[in-house]
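Source file: start14.pdb. Holds: PDB, C-alpha atoms.
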```pdb
ATOM      1  CA  MET A 231      31.822  -9.460   0.971
ATOM      2  CA  THR A 232      29.776 -12.350  -0.445
ATOM      3  CA  ALA A 233      29.218 -12.977  -4.152
ATOM      4  CA  CYS A 234      25.660 -11.684  -3.746
ATOM      5  CA  GLU A 235      26.985  -8.351  -2.442
ATOM      6  CA  VAL A 236      29.347  -7.823  -5.375
ATOM      7  CA  PRO A 237      27.441  -5.920  -8.054
ATOM      8  CA  SER A 238      27.484  -7.425 -11.515
ATOM      9  CA  PRO A 239      28.841  -5.250 -14.324
ATOM     10  CA  LEU A 240      25.465  -5.866 -15.969
ATOM     11  CA  THR A 241      23.985  -3.326 -13.539
ATOM     12  CA  GLN A 242      25.958  -0.693 -15.472
ATOM     13  CA  SER A 243      24.256  -1.485 -18.794
ATOM     14  CA  PRO A 244      23.469   1.716 -20.692
ATOM     15  CA  GLY A 245      19.786   2.539 -20.573
ATOM     16  CA  LEU A 246      19.002   0.176 -17.684
ATOM     17  CA  PRO A 247      16.165   1.844 -15.751
ATOM     18  CA  LYS A 248      17.349   2.729 -12.236
ATOM     19  CA  SER A 249      15.847   4.064  -9.028
ATOM     20  CA  VAL A 250      17.019   7.295  -7.396
ATOM     21  CA  ASP A 251      19.366   5.077  -5.338
ATOM     22  CA  GLY A 252      20.938   3.692  -8.526
ATOM     23  CA  GLU A 253      19.405   0.232  -8.196
ATOM     24  CA  PRO A 254      17.847  -1.450 -11.247
ATOM     25  CA  VAL A 255      14.066  -1.147 -11.450
ATOM     26  CA  PHE A 256      11.850  -3.546 -13.317
ATOM     27  CA  PRO A 257       8.452  -2.804 -14.863
ATOM     28  CA  GLU A 258       7.276  -6.415 -14.428
ATOM     29  CA  PRO A 259       8.515  -9.504 -12.563
ATOM     30  CA  TRP A 260       9.565 -11.164 -15.844
ATOM     31  CA  ALA A 261      12.016  -8.322 -16.481
ATOM     32  CA  ALA A 262      13.703  -8.950 -13.124
ATOM     33  CA  ASP A 263      13.828 -12.651 -13.976
ATOM     34  CA  ALA A 264      15.442 -11.911 -17.346
ATOM     35  CA  PHE A 265      17.987  -9.657 -15.669
ATOM     36  CA  ALA A 266      18.805 -12.254 -12.995
ATOM     37  CA  MET A 267      19.086 -15.020 -15.591
ATOM     38  CA  THR A 268      21.492 -12.935 -17.650
ATOM     39  CA  VAL A 269      23.645 -12.126 -14.621
ATOM     40  CA  HIS A 270      23.698 -15.793 -13.616
ATOM     41  CA  LEU A 271      24.649 -17.042 -17.090
ATOM     42  CA  HIS A 272      27.377 -14.404 -17.390
ATOM     43  CA  GLU A 273      28.781 -15.284 -13.965
ATOM     44  CA  LYS A 274      28.779 -18.985 -14.931
ATOM     45  CA  GLY A 275      30.998 -18.113 -17.897
ATOM     46  CA  LEU A 276      28.548 -18.824 -20.710
ATOM     47  CA  PHE A 277      29.383 -15.497 -22.321
ATOM     48  CA  ALA A 278      31.789 -12.626 -21.837
ATOM     49  CA  TRP A 279      30.750  -9.161 -20.752
ATOM     50  CA  SER A 280      31.866  -7.769 -24.120
ATOM     51  CA  GLU A 281      29.676 -10.300 -25.978
ATOM     52  CA  TRP A 282      26.666  -9.310 -23.888
ATOM     53  CA  ALA A 283      27.298  -5.578 -24.297
ATOM     54  CA  GLU A 284      27.597  -5.913 -28.069
ATOM     55  CA  ARG A 285      24.433  -7.998 -28.379
ATOM     56  CA  LEU A 286      22.362  -5.715 -26.115
ATOM     57  CA  SER A 287      23.641  -2.597 -27.866
ATOM     58  CA  GLY A 288      22.603  -4.059 -31.198
ATOM     59  CA  GLU A 289      19.073  -4.639 -29.944
ATOM     60  CA  LEU A 290      18.842  -1.217 -28.303
ATOM     61  CA  HIS A 291      19.858   0.550 -31.503
ATOM     62  CA  LYS A 292      17.488  -1.217 -33.870
ATOM     63  CA  PRO A 293      15.017   1.037 -35.681
ATOM     64  CA  GLY A 294      11.521   1.224 -34.276
ATOM     65  CA  ARG A 295      12.428   1.267 -30.584
ATOM     66  CA  ALA A 296       9.979   2.938 -28.206
ATOM     67  CA  VAL A 297      10.951   6.575 -27.735
ATOM     68  CA  ASP A 298      10.249   6.348 -24.006
ATOM     69  CA  GLY A 299      12.410   3.239 -23.553
ATOM     70  CA  SER A 300       9.450   1.145 -22.429
ATOM     71  CA  ASP A 301      10.689  -1.736 -24.593
ATOM     72  CA  TYR A 302      14.107  -1.870 -22.902
ATOM     73  CA  PHE A 303      13.538  -5.291 -21.370
ATOM     74  CA  ASP A 304      12.025  -6.632 -24.577
ATOM     75  CA  CYS A 305      15.389  -5.728 -26.136
ATOM     76  CA  TRP A 306      17.117  -7.374 -23.177
ATOM     77  CA  VAL A 307      15.276 -10.664 -23.756
ATOM     78  CA  ALA A 308      15.885 -10.512 -27.504
ATOM     79  CA  ALA A 309      19.599  -9.934 -26.851
ATOM     80  CA  LEU A 310      19.809 -12.821 -24.392
ATOM     81  CA  SER A 311      17.898 -15.166 -26.683
ATOM     82  CA  GLY A 312      20.012 -14.195 -29.679
ATOM     83  CA  LEU A 313      23.254 -14.640 -27.775
ATOM     84  CA  LEU A 314      22.260 -18.069 -26.470
ATOM     85  CA  VAL A 315      21.241 -19.195 -29.955
ATOM     86  CA  ALA A 316      24.428 -17.802 -31.526
ATOM     87  CA  LYS A 317      26.539 -19.689 -28.992
ATOM     88  CA  GLY A 318      24.614 -22.933 -29.568
ATOM     89  CA  ILE A 319      23.286 -22.990 -25.992
ATOM     90  CA  ALA A 320      19.631 -22.716 -26.981
ATOM     91  CA  ASP A 321      17.532 -23.446 -30.047
ATOM     92  CA  ALA A 322      15.701 -20.530 -31.697
ATOM     93  CA  ASP A 323      12.614 -22.625 -32.480
ATOM     94  CA  ALA A 324      12.444 -23.893 -28.893
ATOM     95  CA  ILE A 325      12.685 -20.332 -27.548
ATOM     96  CA  LEU A 326       9.940 -19.146 -29.895
ATOM     97  CA  ALA A 327       7.694 -22.082 -28.976
ATOM     98  CA  LEU A 328       8.175 -21.357 -25.278
ATOM     99  CA  GLN A 329       7.431 -17.648 -25.776
ATOM    100  CA  GLN A 330       4.243 -18.542 -27.634
ATOM    101  CA  SER A 331       3.263 -21.003 -24.922
ATOM    102  CA  TRP A 332       3.703 -18.341 -22.223
ATOM    103  CA  GLN A 333       1.597 -15.904 -24.294
ATOM    104  CA  ARG A 334      -1.226 -18.440 -24.658
ATOM    105  CA  ALA A 335      -0.980 -19.229 -20.931
ATOM    106  CA  ALA A 336      -1.206 -15.521 -20.099
ATOM    107  CA  GLU A 337      -4.265 -15.105 -22.304
ATOM    108  CA  ALA A 338      -5.940 -18.153 -20.728
ATOM    109  CA  THR A 339      -5.200 -17.198 -17.121
ATOM    110  CA  PRO A 340      -8.016 -15.478 -15.210
ATOM    111  CA  HIS A 341      -7.242 -11.917 -14.152
ATOM    112  CA  GLY A 342      -5.474 -11.766 -10.814
ATOM    113  CA  LYS A 343      -4.236 -15.364 -10.957
ATOM    114  CA  PRO A 344      -0.581 -16.323 -11.446
ATOM    115  CA  ILE A 345       0.376 -17.229 -14.979
ATOM    116  CA  ALA A 346       1.599 -20.809 -15.282
ATOM    117  CA  LEU A 347       2.561 -22.737 -18.400
ATOM    118  CA  GLU A 348       0.000 -25.349 -17.425
ATOM    119  CA  ASN A 349      -2.626 -22.735 -18.398
ATOM    120  CA  ASP A 350      -1.573 -22.947 -22.054
ATOM    121  CA  PRO A 351      -4.525 -24.719 -23.695
ATOM    122  CA  ARG A 352      -2.167 -26.378 -26.191
ATOM    123  CA  ARG A 353       0.035 -28.010 -23.528
TER     124      ARG A 353
END
```
Encoding of this model in C-alpha cells:
Amino acid sequence: MTACEVPSPLTQSPGLPKSVDGEPVFPEPWAADAFAMTVHLHEKGLFAWSEWAERLSGELHKPGRAVDGSDYFDCWVAALSGLLVAKGIADADAILALQQSWQRAAEATPHGKPIALENDPRR
C-alpha cells in the first residue's frame, strides 16, 4: 500500500462532511485544498494529531457557528491558521493580508473565470 492509499487520521475529524461511501466531501475547491494542506503539514510533522484535534475542536465549538454546519471549512481554515501562527510557522498579519488579497481578487474576477491573485487590484 502506498502512502497515498493510507488514509490520514484527519479523515476521521468529527463533523467532517462525508459522502455515503464515507469519503470527505467539499463544498468548494478551496475546502479540498485546505484539507489537503492540513494533511500534508501533519504528515510532514509540523504538528501532532492531538494539537490539530484540539485546535479544530476549539473552532467548531465557538459560539455563533452555523446550525447547518455550512461553516465547517471556515472553522477548518481558522484552526489551521491559528495553529500555524501559534507554532511560529506563519505570521498572523501575513495570513490576513493574503486572505484579503484573495477576497479582492475574487471580487475583481469576471464570473466564470478562475480566481487568481493577479486579479487583486492592489497587487
Step by step, work through what the PyMOL selection byres ((chain A and resi 271-288) around 7) selects in the shown file, and finish by giving those residues as a list of chain:residue names.
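Output of the PyMOL selection byres ((chain A and resi 271-288) around 7): A:Met267, A:Thr268, A:Val269, A:His270, A:Glu289, A:Leu290, A:His291, A:Lys292, A:Cys305, A:Trp306, A:Ala309, A:Leu313.
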One-decimal distance in Å that lies between atom CA of Pro351 of chain A and atom CA of Ala338 of chain A
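Calculated distance between atom CA of Ala338 of chain A and atom CA of Pro351 of chain A is 7.3 Å.
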Proximity to Ser331 of chain A - best of A:Ile319, A:Gly252, A:Ser300, A:Asn349, all atoms listed in the file:
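The answer is A:Asn349, which sits nearest to Ser331 of chain A.
Considering the residues A:Asp251, A:Leu246, A:Gly342, A:Leu326 and counting all atoms listed in the file, Phe265 of chain A has its shortest atom-to-atom contact with A:Leu246.
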What gap, in Å, lies between atom CA of Tyr302 of chain A and atom CA of Ala320 of chain A?
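One can read the atom CA of Tyr302 of chain A to atom CA of Ala320 of chain A distance as 21.9 Å.
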